2 protein chains.
Amino acid sequence: MLSRKAKYALKALIALAAAPAGEPVRIADLARRERLPAKFLELILLELRNRGILQSRKGKGGGYLLARHPRKVNIGELVRHFDGPLAPVPCASQTAYARCQDCRDEAGCGVRWIMKDVRDATARILDRTTLADLMKHDAGAGALA
Amino acid sequence: MLSRKAKYALKALIALAAAPAGEPVRIADLARRERLPAKFLELILLELRNRGILQSRKGKGGGYLLARHPRKVNIGELVRHFDGPLAPVPCASQTAYARCQDCRDEAGCGVRWIMKDVRDATARILDRTTLADLMKHDAGAGALA
DNA sequence: TATATAGTCTATGGACTTTGTAGGCTTATA
DNA sequence: TATAAGCCTACAAAGTCCATAGACTATATA
């Protein structure tokens, strides 16, 4: 299940990517347009900024804007940042592998085998998708992409 | 992320499927062999029984056994039972569709588009996999499969 | 330089879920 | 009838998620 945080982040990024280039968007405006809780969105945008995905400007005329081209913003990276590893089980994760406590024979674990398959399929999709791809399929941003 | 409940269920089922046919396995034995918390496992097995996946016998010589052939036990069904829909977002679910509150244009939502892809890929894997497949890849049960 | 504007950051709280435990009840077997 | 085993409900600790509050800082511009 995708957390709201991750979902809000994606929606906000799509909106920011569709905004006129170089023009900062205020948190309040973004929240209103995308119908997201403003204070919560604030935290999310801050995280995205600290991650280097967004840029910010303070003071009058300030706001947020993308720090990279939408094609350089990877969806897998975003989802992992907010919701952790893609693998349903830590022992099946590539980026955050961890052994299961109760596990005896990891190589011969049926659960791990199937969950590795799920992880790979998910990663194949998310790691090959960028913000630019999302914009193409989003009506709010699509026209401008 | 797969819940422990779902993970324990899968491990227990693999063990039960590998047990001699027709011979009930006691909760306590299963818990010890698979290193699972006994009382928690009890709840899980009960759910599996109420779902029609396991059979139980009370009293001396009792325990749990599979109610269906391993090939008839679908992993997608199991995961959905314990952890809910496979889709990362309710609006991308086939089996438990629900509209997002904040959503205006569902058909033109970029988040939904990519998450539907993830759901489909996950479902393609889990819905085509059975307990019998898991046994083939599990060292504990593999030899007997 | 004063003031308004807008982001920054920390703390906190409530609701919910997850993981497990306890203990009494019911049923089957010998 | 005694014992063994599953059945079922309740509950508790811990963690997570969602969201809000409010004080602080930096910037633009009048």
# chains A, B, ... in the order shown; residues from 1 in each chain; ligands from 1
$ calpha_fit_and_write --fixed "chain A" --moving "chain B" --output "CSV table (one decimal) with N, CA and C atoms, in the first residue's frame"
chain,number,residue,atom,x,y,z
B,1,MET,N,0.8,-1.2,0.0
B,1,MET,CA,-0.1,0.0,0.0
B,1,MET,C,0.8,1.2,0.0
B,2,LEU,N,0.5,2.1,-0.9
B,2,LEU,CA,1.3,3.4,-1.0
B,2,LEU,C,0.8,4.3,0.1
B,3,SER,N,1.7,4.9,0.9
B,3,SER,CA,1.3,5.8,1.9
B,3,SER,C,0.7,7.1,1.3
B,4,ARG,N,0.0,7.8,2.1
B,4,ARG,CA,-0.6,9.1,1.6
B,4,ARG,C,0.6,10.1,1.3
B,5,LYS,N,1.6,10.0,2.1
B,5,LYS,CA,2.7,10.9,1.9
B,5,LYS,C,3.3,10.7,0.5
B,6,ALA,N,3.5,9.4,0.1
B,6,ALA,CA,4.1,9.1,-1.2
B,6,ALA,C,3.1,9.6,-2.3
B,7,LYS,N,1.8,9.3,-2.1
B,7,LYS,CA,0.8,9.7,-3.1
B,7,LYS,C,0.8,11.2,-3.2
B,8,TYR,N,0.7,11.9,-2.1
B,8,TYR,CA,0.7,13.4,-2.2
B,8,TYR,C,2.0,13.9,-2.9
B,9,ALA,N,3.1,13.3,-2.6
B,9,ALA,CA,4.3,13.7,-3.2
B,9,ALA,C,4.2,13.6,-4.7
B,10,LEU,N,3.8,12.5,-5.2
B,10,LEU,CA,3.7,12.3,-6.6
B,10,LEU,C,2.7,13.3,-7.2
B,11,LYS,N,1.6,13.5,-6.6
B,11,LYS,CA,0.6,14.5,-7.2
B,11,LYS,C,1.2,15.9,-7.2
B,12,ALA,N,1.9,16.2,-6.1
B,12,ALA,CA,2.5,17.5,-6.0
B,12,ALA,C,3.6,17.7,-7.1
B,13,LEU,N,4.3,16.7,-7.3
B,13,LEU,CA,5.4,16.7,-8.3
B,13,LEU,C,4.9,16.9,-9.7
B,14,ILE,N,3.8,16.1,-10.0
B,14,ILE,CA,3.2,16.2,-11.3
B,14,ILE,C,2.7,17.7,-11.5
B,15,ALA,N,2.1,18.3,-10.5
B,15,ALA,CA,1.6,19.6,-10.6
B,15,ALA,C,2.8,20.6,-10.8
B,16,LEU,N,3.8,20.4,-10.0
B,16,LEU,CA,5.0,21.3,-10.1
B,16,LEU,C,5.6,21.2,-11.5
B,17,ALA,N,5.7,20.0,-12.0
B,17,ALA,CA,6.3,19.8,-13.3
B,17,ALA,C,5.5,20.4,-14.4
B,18,ALA,N,4.2,20.6,-14.2
B,18,ALA,CA,3.4,21.2,-15.2
B,18,ALA,C,3.4,22.7,-15.1
B,19,ALA,N,3.9,23.2,-14.0
B,19,ALA,CA,3.9,24.7,-13.8
B,19,ALA,C,4.9,25.3,-14.8
B,20,PRO,N,4.6,26.6,-15.1
B,20,PRO,CA,5.6,27.3,-16.0
B,20,PRO,C,7.0,27.2,-15.4
B,21,ALA,N,7.9,26.9,-16.3
B,21,ALA,CA,9.3,26.7,-15.8
B,21,ALA,C,9.9,28.0,-15.2
B,22,GLY,N,10.6,27.8,-14.1
B,22,GLY,CA,11.3,28.9,-13.4
B,22,GLY,C,10.4,29.7,-12.5
B,23,GLU,N,9.1,29.4,-12.5
B,23,GLU,CA,8.2,30.2,-11.6
B,23,GLU,C,7.8,29.3,-10.4
B,24,PRO,N,8.2,29.8,-9.2
B,24,PRO,CA,8.0,29.0,-8.0
B,24,PRO,C,6.5,29.0,-7.7
B,25,VAL,N,6.0,27.9,-7.1
B,25,VAL,CA,4.6,27.7,-6.7
B,25,VAL,C,4.6,27.7,-5.2
B,26,ARG,N,3.6,28.4,-4.7
B,26,ARG,CA,3.5,28.5,-3.2
B,26,ARG,C,2.8,27.2,-2.7
B,27,ILE,N,3.2,26.8,-1.5
B,27,ILE,CA,2.6,25.6,-0.8
B,27,ILE,C,1.1,25.7,-0.8
B,28,ALA,N,0.7,26.9,-0.4
B,28,ALA,CA,-0.8,27.1,-0.2
B,28,ALA,C,-1.5,26.9,-1.5
B,29,ASP,N,-1.0,27.4,-2.6
B,29,ASP,CA,-1.6,27.3,-3.9
B,29,ASP,C,-1.6,25.8,-4.3
B,30,LEU,N,-0.5,25.2,-4.2
B,30,LEU,CA,-0.4,23.8,-4.5
B,30,LEU,C,-1.4,22.9,-3.8
B,31,ALA,N,-1.5,23.2,-2.5
B,31,ALA,CA,-2.4,22.4,-1.6
B,31,ALA,C,-3.8,22.6,-2.1
B,32,ARG,N,-4.2,23.8,-2.4
B,32,ARG,CA,-5.6,24.1,-2.8
B,32,ARG,C,-5.9,23.5,-4.1
B,33,ARG,N,-5.0,23.6,-5.1
B,33,ARG,CA,-5.2,23.1,-6.4
B,33,ARG,C,-5.3,21.5,-6.4
B,34,GLU,N,-4.4,20.9,-5.6
B,34,GLU,CA,-4.4,19.4,-5.6
B,34,GLU,C,-5.3,18.9,-4.4
B,35,ARG,N,-5.9,19.7,-3.7
B,35,ARG,CA,-6.7,19.3,-2.5
B,35,ARG,C,-6.0,18.5,-1.5
B,36,LEU,N,-4.8,19.0,-1.1
B,36,LEU,CA,-4.0,18.3,-0.1
B,36,LEU,C,-3.9,19.1,1.1
B,37,PRO,N,-3.8,18.5,2.3
B,37,PRO,CA,-3.7,19.2,3.6
B,37,PRO,C,-2.4,20.0,3.5
B,38,ALA,N,-2.5,21.4,3.7
B,38,ALA,CA,-1.4,22.3,3.4
B,38,ALA,C,-0.2,22.0,4.3
B,39,LYS,N,-0.4,21.8,5.6
B,39,LYS,CA,0.7,21.7,6.5
B,39,LYS,C,1.4,20.3,6.3
B,40,PHE,N,0.7,19.3,6.0
B,40,PHE,CA,1.2,18.0,5.7
B,40,PHE,C,2.1,18.1,4.4
B,41,LEU,N,1.5,18.8,3.4
B,41,LEU,CA,2.2,18.9,2.2
B,41,LEU,C,3.5,19.7,2.4
B,42,GLU,N,3.5,20.6,3.3
B,42,GLU,CA,4.7,21.4,3.6
B,42,GLU,C,5.9,20.4,4.0
B,43,LEU,N,5.6,19.5,4.9
B,43,LEU,CA,6.6,18.5,5.3
B,43,LEU,C,7.1,17.7,4.1
B,44,ILE,N,6.2,17.3,3.2
B,44,ILE,CA,6.5,16.5,2.1
B,44,ILE,C,7.5,17.2,1.1
B,45,LEU,N,7.1,18.5,0.9
B,45,LEU,CA,7.9,19.3,-0.1
B,45,LEU,C,9.3,19.5,0.5
B,46,LEU,N,9.3,19.7,1.8
B,46,LEU,CA,10.6,19.9,2.5
B,46,LEU,C,11.5,18.7,2.3
B,47,GLU,N,10.9,17.5,2.5
B,47,GLU,CA,11.7,16.3,2.3
B,47,GLU,C,12.2,16.2,0.9
B,48,LEU,N,11.4,16.6,-0.1
B,48,LEU,CA,11.7,16.5,-1.5
B,48,LEU,C,12.9,17.5,-1.8
B,49,ARG,N,12.8,18.6,-1.1
B,49,ARG,CA,13.9,19.6,-1.3
B,49,ARG,C,15.2,19.0,-0.7
B,50,ASN,N,15.1,18.5,0.5
B,50,ASN,CA,16.3,18.0,1.2
B,50,ASN,C,16.9,16.8,0.4
B,51,ARG,N,16.1,16.2,-0.4
B,51,ARG,CA,16.5,15.1,-1.2
B,51,ARG,C,17.1,15.6,-2.6
B,52,GLY,N,16.9,16.8,-2.8
B,52,GLY,CA,17.5,17.4,-4.1
B,52,GLY,C,16.6,17.3,-5.3
B,53,ILE,N,15.3,17.0,-5.0
B,53,ILE,CA,14.4,16.9,-6.1
B,53,ILE,C,13.7,18.2,-6.4
B,54,LEU,N,13.5,18.9,-5.3
B,54,LEU,CA,12.9,20.3,-5.4
B,54,LEU,C,13.9,21.3,-5.0
B,55,GLN,N,13.6,22.5,-5.5
B,55,GLN,CA,14.3,23.7,-5.1
B,55,GLN,C,13.3,24.7,-4.4
B,56,SER,N,13.8,25.5,-3.5
B,56,SER,CA,12.8,26.4,-2.9
B,56,SER,C,13.3,27.8,-2.9
B,57,ARG,N,12.4,28.8,-2.8
B,57,ARG,CA,12.8,30.2,-2.7
B,57,ARG,C,12.0,30.8,-1.5
B,58,LYS,N,12.6,31.4,-0.6
B,58,LYS,CA,12.0,32.0,0.5
B,58,LYS,C,11.5,33.4,0.2
B,59,GLY,N,10.7,33.9,1.1
B,59,GLY,CA,10.2,35.3,1.0
B,59,GLY,C,9.2,35.5,-0.1
B,60,LYS,N,8.9,36.8,-0.2
B,60,LYS,CA,7.8,37.1,-1.2
B,60,LYS,C,8.2,36.7,-2.6
B,61,GLY,N,7.2,36.1,-3.3
B,61,GLY,CA,7.5,35.6,-4.6
B,61,GLY,C,8.2,34.3,-4.6
B,62,GLY,N,8.3,33.7,-3.4
B,62,GLY,CA,8.9,32.4,-3.3
B,62,GLY,C,8.0,31.2,-3.5
B,63,GLY,N,8.5,30.0,-3.2
B,63,GLY,CA,7.7,28.8,-3.4
B,63,GLY,C,8.6,27.7,-3.8
B,64,TYR,N,8.0,26.7,-4.4
B,64,TYR,CA,8.8,25.5,-4.8
B,64,TYR,C,8.9,25.3,-6.3
B,65,LEU,N,10.0,24.8,-6.8
B,65,LEU,CA,10.1,24.4,-8.2
B,65,LEU,C,11.0,23.2,-8.3
B,66,LEU,N,10.8,22.4,-9.4
B,66,LEU,CA,11.6,21.2,-9.7
B,66,LEU,C,13.1,21.6,-9.7
B,67,ALA,N,13.9,20.7,-9.2
B,67,ALA,CA,15.4,21.0,-9.2
B,67,ALA,C,16.0,20.2,-10.4
B,68,ARG,N,15.2,19.3,-11.0
B,68,ARG,CA,15.7,18.5,-12.1
B,68,ARG,C,14.6,18.4,-13.2
B,69,HIS,N,15.1,18.1,-14.4
B,69,HIS,CA,14.1,17.8,-15.4
B,69,HIS,C,13.3,16.6,-15.0
B,70,PRO,N,11.9,16.7,-15.4
B,70,PRO,CA,11.1,15.5,-15.0
B,70,PRO,C,11.6,14.2,-15.5
B,71,ARG,N,12.3,14.1,-16.6
B,71,ARG,CA,12.9,12.9,-17.0
B,71,ARG,C,14.0,12.3,-16.1
B,72,LYS,N,14.5,13.2,-15.2
B,72,LYS,CA,15.5,12.8,-14.3
B,72,LYS,C,15.0,12.5,-12.9
B,73,VAL,N,13.6,12.6,-12.8
B,73,VAL,CA,13.0,12.2,-11.5
B,73,VAL,C,12.4,10.8,-11.6
B,74,ASN,N,13.1,9.9,-10.9
B,74,ASN,CA,12.7,8.5,-11.0
B,74,ASN,C,11.6,8.2,-9.9
B,75,ILE,N,10.6,7.4,-10.4
B,75,ILE,CA,9.5,7.1,-9.5
B,75,ILE,C,9.9,6.1,-8.4
B,76,GLY,N,10.8,5.1,-8.8
B,76,GLY,CA,11.3,4.2,-7.9
B,76,GLY,C,12.0,4.8,-6.7
B,77,GLU,N,12.8,5.8,-7.0
B,77,GLU,CA,13.5,6.5,-6.0
B,77,GLU,C,12.5,7.2,-5.0
B,78,LEU,N,11.5,7.8,-5.6
B,78,LEU,CA,10.5,8.5,-4.8
B,78,LEU,C,9.7,7.6,-3.8
B,79,VAL,N,9.3,6.5,-4.4
B,79,VAL,CA,8.5,5.5,-3.6
B,79,VAL,C,9.4,4.9,-2.5
B,80,ARG,N,10.6,4.6,-2.8
B,80,ARG,CA,11.5,4.1,-1.8
B,80,ARG,C,11.8,5.1,-0.7
B,81,HIS,N,11.9,6.3,-1.1
B,81,HIS,CA,12.2,7.4,-0.1
B,81,HIS,C,11.1,7.5,0.9
B,82,PHE,N,9.9,7.5,0.5
B,82,PHE,CA,8.7,7.7,1.4
B,82,PHE,C,8.3,6.4,2.0
B,83,ASP,N,8.3,5.3,1.3
B,83,ASP,CA,7.7,4.1,1.8
B,83,ASP,C,8.6,2.9,2.0
B,84,GLY,N,9.9,3.2,1.9
B,84,GLY,CA,10.9,2.1,2.1
B,84,GLY,C,11.0,1.2,0.9
B,85,PRO,N,11.7,0.1,1.1
B,85,PRO,CA,12.0,-0.8,0.0
B,85,PRO,C,10.8,-1.4,-0.7
B,86,LEU,N,10.9,-1.7,-2.0
B,86,LEU,CA,9.8,-2.2,-2.8
B,86,LEU,C,9.5,-3.6,-2.4
B,87,ALA,N,10.5,-4.4,-2.0
B,87,ALA,CA,10.3,-5.8,-1.7
B,87,ALA,C,9.3,-6.0,-0.6
B,88,PRO,N,8.4,-6.9,-0.7
B,88,PRO,CA,7.4,-7.2,0.3
B,88,PRO,C,8.0,-7.8,1.6
B,89,VAL,N,9.2,-8.3,1.4
B,89,VAL,CA,10.0,-8.9,2.5
B,89,VAL,C,11.4,-8.4,2.5
B,90,PRO,N,12.0,-8.1,3.6
B,90,PRO,CA,13.3,-7.5,3.6
B,90,PRO,C,14.4,-8.4,3.0
B,91,CYS,N,14.2,-9.7,3.1
B,91,CYS,CA,15.2,-10.6,2.6
B,91,CYS,C,15.2,-10.7,1.0
B,92,ALA,N,14.2,-10.0,0.4
B,92,ALA,CA,14.1,-10.1,-1.0
B,92,ALA,C,14.4,-8.7,-1.6
B,93,SER,N,14.9,-7.8,-0.7
B,93,SER,CA,15.2,-6.4,-1.2
B,93,SER,C,16.6,-6.3,-1.8
B,94,GLN,N,16.7,-5.6,-2.8
B,94,GLN,CA,18.1,-5.3,-3.4
B,94,GLN,C,18.7,-4.1,-2.7
B,95,THR,N,17.9,-3.1,-2.4
B,95,THR,CA,18.5,-1.8,-1.9
B,95,THR,C,18.5,-1.8,-0.4
B,96,ALA,N,17.8,-2.7,0.3
B,96,ALA,CA,17.8,-2.7,1.7
B,96,ALA,C,17.7,-4.1,2.3
B,97,TYR,N,18.5,-4.9,1.8
B,97,TYR,CA,18.5,-6.3,2.2
B,97,TYR,C,18.7,-6.5,3.7
B,98,ALA,N,17.8,-7.4,4.3
B,98,ALA,CA,18.0,-7.7,5.7
B,98,ALA,C,17.5,-9.1,5.9
B,99,ARG,N,18.3,-9.9,6.6
B,99,ARG,CA,17.9,-11.3,6.8
B,99,ARG,C,16.8,-11.4,7.8
B,100,CYS,N,15.9,-12.4,7.6
B,100,CYS,CA,14.8,-12.6,8.5
B,100,CYS,C,15.3,-13.3,9.7
B,101,GLN,N,14.8,-13.0,10.9
B,101,GLN,CA,15.3,-13.6,12.1
B,101,GLN,C,15.0,-15.1,12.2
B,102,ASP,N,13.7,-15.4,11.8
B,102,ASP,CA,13.3,-16.8,12.0
B,102,ASP,C,13.8,-17.7,10.9
B,103,CYS,N,14.5,-17.1,9.9
B,103,CYS,CA,14.8,-17.9,8.7
B,103,CYS,C,16.1,-18.8,9.0
B,104,ARG,N,15.9,-20.0,8.5
B,104,ARG,CA,17.1,-20.9,8.6
B,104,ARG,C,17.8,-21.0,7.3
B,105,ASP,N,17.0,-21.4,6.2
B,105,ASP,CA,17.7,-21.6,4.9
B,105,ASP,C,17.1,-20.5,3.9
B,106,GLU,N,17.8,-19.4,3.9
B,106,GLU,CA,17.3,-18.3,3.0
B,106,GLU,C,17.2,-18.7,1.5
B,107,ALA,N,18.3,-19.3,1.1
B,107,ALA,CA,18.4,-19.7,-0.3
B,107,ALA,C,17.2,-20.6,-0.7
B,108,GLY,N,16.8,-21.4,0.2
B,108,GLY,CA,15.8,-22.4,0.0
B,108,GLY,C,14.4,-22.1,0.6
B,109,CYS,N,14.1,-20.8,0.6
B,109,CYS,CA,12.9,-20.3,1.2
B,109,CYS,C,11.9,-20.0,0.1
B,110,GLY,N,10.8,-20.7,0.1
B,110,GLY,CA,9.7,-20.5,-0.9
B,110,GLY,C,9.1,-19.2,-0.9
B,111,VAL,N,8.9,-18.6,0.3
B,111,VAL,CA,8.3,-17.3,0.4
B,111,VAL,C,9.2,-16.2,-0.2
B,112,ARG,N,10.5,-16.3,0.1
B,112,ARG,CA,11.5,-15.4,-0.5
B,112,ARG,C,11.5,-15.5,-2.0
B,113,TRP,N,11.4,-16.7,-2.5
B,113,TRP,CA,11.5,-16.9,-3.9
B,113,TRP,C,10.4,-16.2,-4.6
B,114,ILE,N,9.1,-16.3,-4.2
B,114,ILE,CA,8.0,-15.6,-4.9
B,114,ILE,C,8.0,-14.1,-4.6
B,115,MET,N,8.5,-13.7,-3.5
B,115,MET,CA,8.5,-12.3,-3.2
B,115,MET,C,9.6,-11.5,-3.9
B,116,LYS,N,10.6,-12.3,-4.2
B,116,LYS,CA,11.7,-11.7,-5.0
B,116,LYS,C,11.2,-11.4,-6.4
B,117,ASP,N,10.3,-12.3,-6.9
B,117,ASP,CA,9.7,-12.1,-8.2
B,117,ASP,C,8.8,-10.9,-8.2
B,118,VAL,N,8.1,-10.7,-7.1
B,118,VAL,CA,7.2,-9.5,-7.0
B,118,VAL,C,8.0,-8.3,-7.0
B,119,ARG,N,9.1,-8.3,-6.2
B,119,ARG,CA,9.9,-7.1,-6.1
B,119,ARG,C,10.5,-6.8,-7.4
B,120,ASP,N,11.0,-7.8,-8.1
B,120,ASP,CA,11.7,-7.5,-9.4
B,120,ASP,C,10.7,-6.9,-10.4
B,121,ALA,N,9.5,-7.4,-10.4
B,121,ALA,CA,8.5,-6.9,-11.3
B,121,ALA,C,8.1,-5.4,-11.0
B,122,THR,N,8.0,-5.2,-9.7
B,122,THR,CA,7.7,-3.8,-9.3
B,122,THR,C,8.8,-2.8,-9.6
B,123,ALA,N,10.0,-3.3,-9.3
B,123,ALA,CA,11.2,-2.4,-9.6
B,123,ALA,C,11.3,-2.2,-11.1
B,124,ARG,N,11.1,-3.2,-11.9
B,124,ARG,CA,11.2,-3.1,-13.3
B,124,ARG,C,10.3,-2.0,-13.8
B,125,ILE,N,9.1,-1.9,-13.2
B,125,ILE,CA,8.2,-0.8,-13.6
B,125,ILE,C,8.6,0.6,-13.0
B,126,LEU,N,8.7,0.6,-11.7
B,126,LEU,CA,9.0,1.9,-11.1
B,126,LEU,C,10.3,2.5,-11.4
B,127,ASP,N,11.3,1.7,-11.5
B,127,ASP,CA,12.7,2.2,-11.8
B,127,ASP,C,12.9,2.7,-13.2
B,128,ARG,N,11.9,2.3,-14.1
B,128,ARG,CA,12.0,2.7,-15.5
B,128,ARG,C,11.0,3.8,-15.8
B,129,THR,N,10.3,4.3,-14.8
B,129,THR,CA,9.4,5.3,-15.0
B,129,THR,C,9.8,6.6,-14.3
B,130,THR,N,9.6,7.7,-15.1
B,130,THR,CA,10.0,9.0,-14.5
B,130,THR,C,8.8,9.9,-14.4
B,131,LEU,N,9.0,11.0,-13.8
B,131,LEU,CA,8.0,12.0,-13.6
B,131,LEU,C,7.4,12.4,-15.0
B,132,ALA,N,8.3,12.5,-16.0
B,132,ALA,CA,7.8,12.8,-17.3
B,132,ALA,C,6.8,11.8,-17.9
B,133,ASP,N,7.0,10.6,-17.6
B,133,ASP,CA,6.1,9.5,-18.0
B,133,ASP,C,4.7,9.7,-17.3
B,134,LEU,N,4.8,10.0,-16.0
B,134,LEU,CA,3.5,10.3,-15.3
B,134,LEU,C,2.7,11.4,-15.9
B,135,MET,N,3.5,12.5,-16.3
B,135,MET,CA,2.8,13.7,-16.8
B,135,MET,C,2.1,13.3,-18.1
B,136,LYS,N,2.7,12.4,-18.9
B,136,LYS,CA,2.0,12.0,-20.2
B,136,LYS,C,0.7,11.4,-20.0
B,137,HIS,N,0.5,10.8,-18.8
B,137,HIS,CA,-0.7,10.1,-18.5
B,137,HIS,C,-1.6,10.8,-17.6
B,138,ASP,N,-1.3,12.0,-17.2
B,138,ASP,CA,-2.1,12.8,-16.3
B,138,ASP,C,-2.8,13.9,-17.0
B,139,ALA,N,-4.1,14.0,-16.9
B,139,ALA,CA,-4.8,15.0,-17.6
B,139,ALA,C,-4.5,16.4,-17.2
B,140,GLY,N,-4.2,16.5,-15.9
B,140,GLY,CA,-3.9,17.8,-15.3
B,140,GLY,C,-2.6,18.4,-15.9
B,141,ALA,N,-1.7,17.5,-16.2
B,141,ALA,CA,-0.4,18.0,-16.6
B,141,ALA,C,-0.1,17.5,-18.1
B,142,GLY,N,-0.9,16.6,-18.5
B,142,GLY,CA,-0.6,16.0,-19.8
B,142,GLY,C,-0.5,16.9,-21.0
B,143,ALA,N,-1.4,17.9,-21.0
B,143,ALA,CA,-1.5,18.8,-22.1
B,143,ALA,C,-0.2,19.6,-22.2
B,144,LEU,N,0.5,19.8,-21.1
B,144,LEU,CA,1.7,20.6,-21.1
B,144,LEU,C,3.0,19.9,-21.2
B,145,ALA,N,2.9,18.6,-21.2
B,145,ALA,CA,4.1,17.7,-21.1
B,145,ALA,C,4.9,17.7,-22.4
$ residues_around --residues "segment 12-17 of chain C" --least-positions-apart "5" --cutoff "9 Å" --atoms "only C-alpha atoms (C1' of nucleotides)" --output "MDAnalysis selection string"
chainID D and resid 15:18 20:21
$ select_by_dssp --residues "segment 40-115 of chain A" --states "helix (DSSP H, G or I)" --output "PyMOL selection string"
chain A and resi 40-50+70-72+75-83+90-92+110-115
$ interface_residues --of "chain D" --to "chain B" --cutoff "10 Å" --atoms "only C-alpha atoms (C1' of nucleotides)" --output "list in words"
DT3, DA4, DA5, DG6, DC7 and DC8 of chain D
$ select_by_dssp --residues "chain A" --states "strand (DSSP E or B)" --output "list in words"
Val25, Leu54, Gln55, Ser56, Arg57, Gly63, Tyr64, Leu65, Leu66, Asn74 and Thr130 of chain A
$ interface_residues --of "chain C" --to "chain A" --cutoff "10 Å" --atoms "only C-alpha atoms (C1' of nucleotides)" --output "list in words"
DA4, DT5, DA6, DG7, DT8 and DC9 of chain C
$ atom_distance --atom1 "atom C1' of DC11 of chain D" --atom2 "atom C1' of DT18 of chain C"
13.8 Å
$ decode --residues "segment 82-120 of chain A" --atoms "C-alpha atoms" --output "PDB file, in the first residue's frame"
ATOM      1  CA  PHE A  82       8.798   7.696   1.380  1.00  0.00           C
ATOM      2  CA  ASP A  83       7.712   4.087   1.805  1.00  0.00           C
ATOM      3  CA  GLY A  84      10.938   2.154   2.075  1.00  0.00           C
ATOM      4  CA  PRO A  85      12.071  -0.839   0.008  1.00  0.00           C
ATOM      5  CA  LEU A  86       9.861  -2.162  -2.768  1.00  0.00           C
ATOM      6  CA  ALA A  87      10.284  -5.794  -1.726  1.00  0.00           C
ATOM      7  CA  PRO A  88       7.395  -7.208   0.330  1.00  0.00           C
ATOM      8  CA  VAL A  89       9.965  -8.947   2.532  1.00  0.00           C
ATOM      9  CA  PRO A  90      13.342  -7.518   3.646  1.00  0.00           C
ATOM     10  CA  CYS A  91      15.234 -10.625   2.564  1.00  0.00           C
ATOM     11  CA  ALA A  92      14.041 -10.061  -1.006  1.00  0.00           C
ATOM     12  CA  SER A  93      15.191  -6.454  -1.193  1.00  0.00           C
ATOM     13  CA  GLN A  94      18.065  -5.324  -3.411  1.00  0.00           C
ATOM     14  CA  THR A  95      18.494  -1.880  -1.915  1.00  0.00           C
ATOM     15  CA  ALA A  96      17.806  -2.707   1.732  1.00  0.00           C
ATOM     16  CA  TYR A  97      18.493  -6.382   2.202  1.00  0.00           C
ATOM     17  CA  ALA A  98      18.031  -7.789   5.697  1.00  0.00           C
ATOM     18  CA  ARG A  99      17.922 -11.359   6.819  1.00  0.00           C
ATOM     19  CA  CYS A 100      14.763 -12.686   8.496  1.00  0.00           C
ATOM     20  CA  GLN A 101      15.231 -13.640  12.149  1.00  0.00           C
ATOM     21  CA  ASP A 102      13.209 -16.822  12.006  1.00  0.00           C
ATOM     22  CA  CYS A 103      14.769 -17.929   8.740  1.00  0.00           C
ATOM     23  CA  ARG A 104      16.953 -20.995   8.611  1.00  0.00           C
ATOM     24  CA  ASP A 105      17.581 -21.639   4.939  1.00  0.00           C
ATOM     25  CA  GLU A 106      17.252 -18.395   3.045  1.00  0.00           C
ATOM     26  CA  ALA A 107      18.280 -19.748  -0.338  1.00  0.00           C
ATOM     27  CA  GLY A 108      15.683 -22.494  -0.018  1.00  0.00           C
ATOM     28  CA  CYS A 109      12.797 -20.349   1.187  1.00  0.00           C
ATOM     29  CA  GLY A 110       9.649 -20.547  -0.905  1.00  0.00           C
ATOM     30  CA  VAL A 111       8.270 -17.285   0.445  1.00  0.00           C
ATOM     31  CA  ARG A 112      11.431 -15.427  -0.451  1.00  0.00           C
ATOM     32  CA  TRP A 113      11.411 -16.937  -3.915  1.00  0.00           C
ATOM     33  CA  ILE A 114       7.974 -15.645  -4.841  1.00  0.00           C
ATOM     34  CA  MET A 115       8.445 -12.280  -3.143  1.00  0.00           C
ATOM     35  CA  LYS A 116      11.680 -11.704  -5.011  1.00  0.00           C
ATOM     36  CA  ASP A 117       9.669 -12.124  -8.165  1.00  0.00           C
ATOM     37  CA  VAL A 118       7.182  -9.512  -7.011  1.00  0.00           C
ATOM     38  CA  ARG A 119       9.968  -7.137  -6.067  1.00  0.00           C
ATOM     39  CA  ASP A 120      11.674  -7.513  -9.418  1.00  0.00           C
TER      40      ASP A 120
END
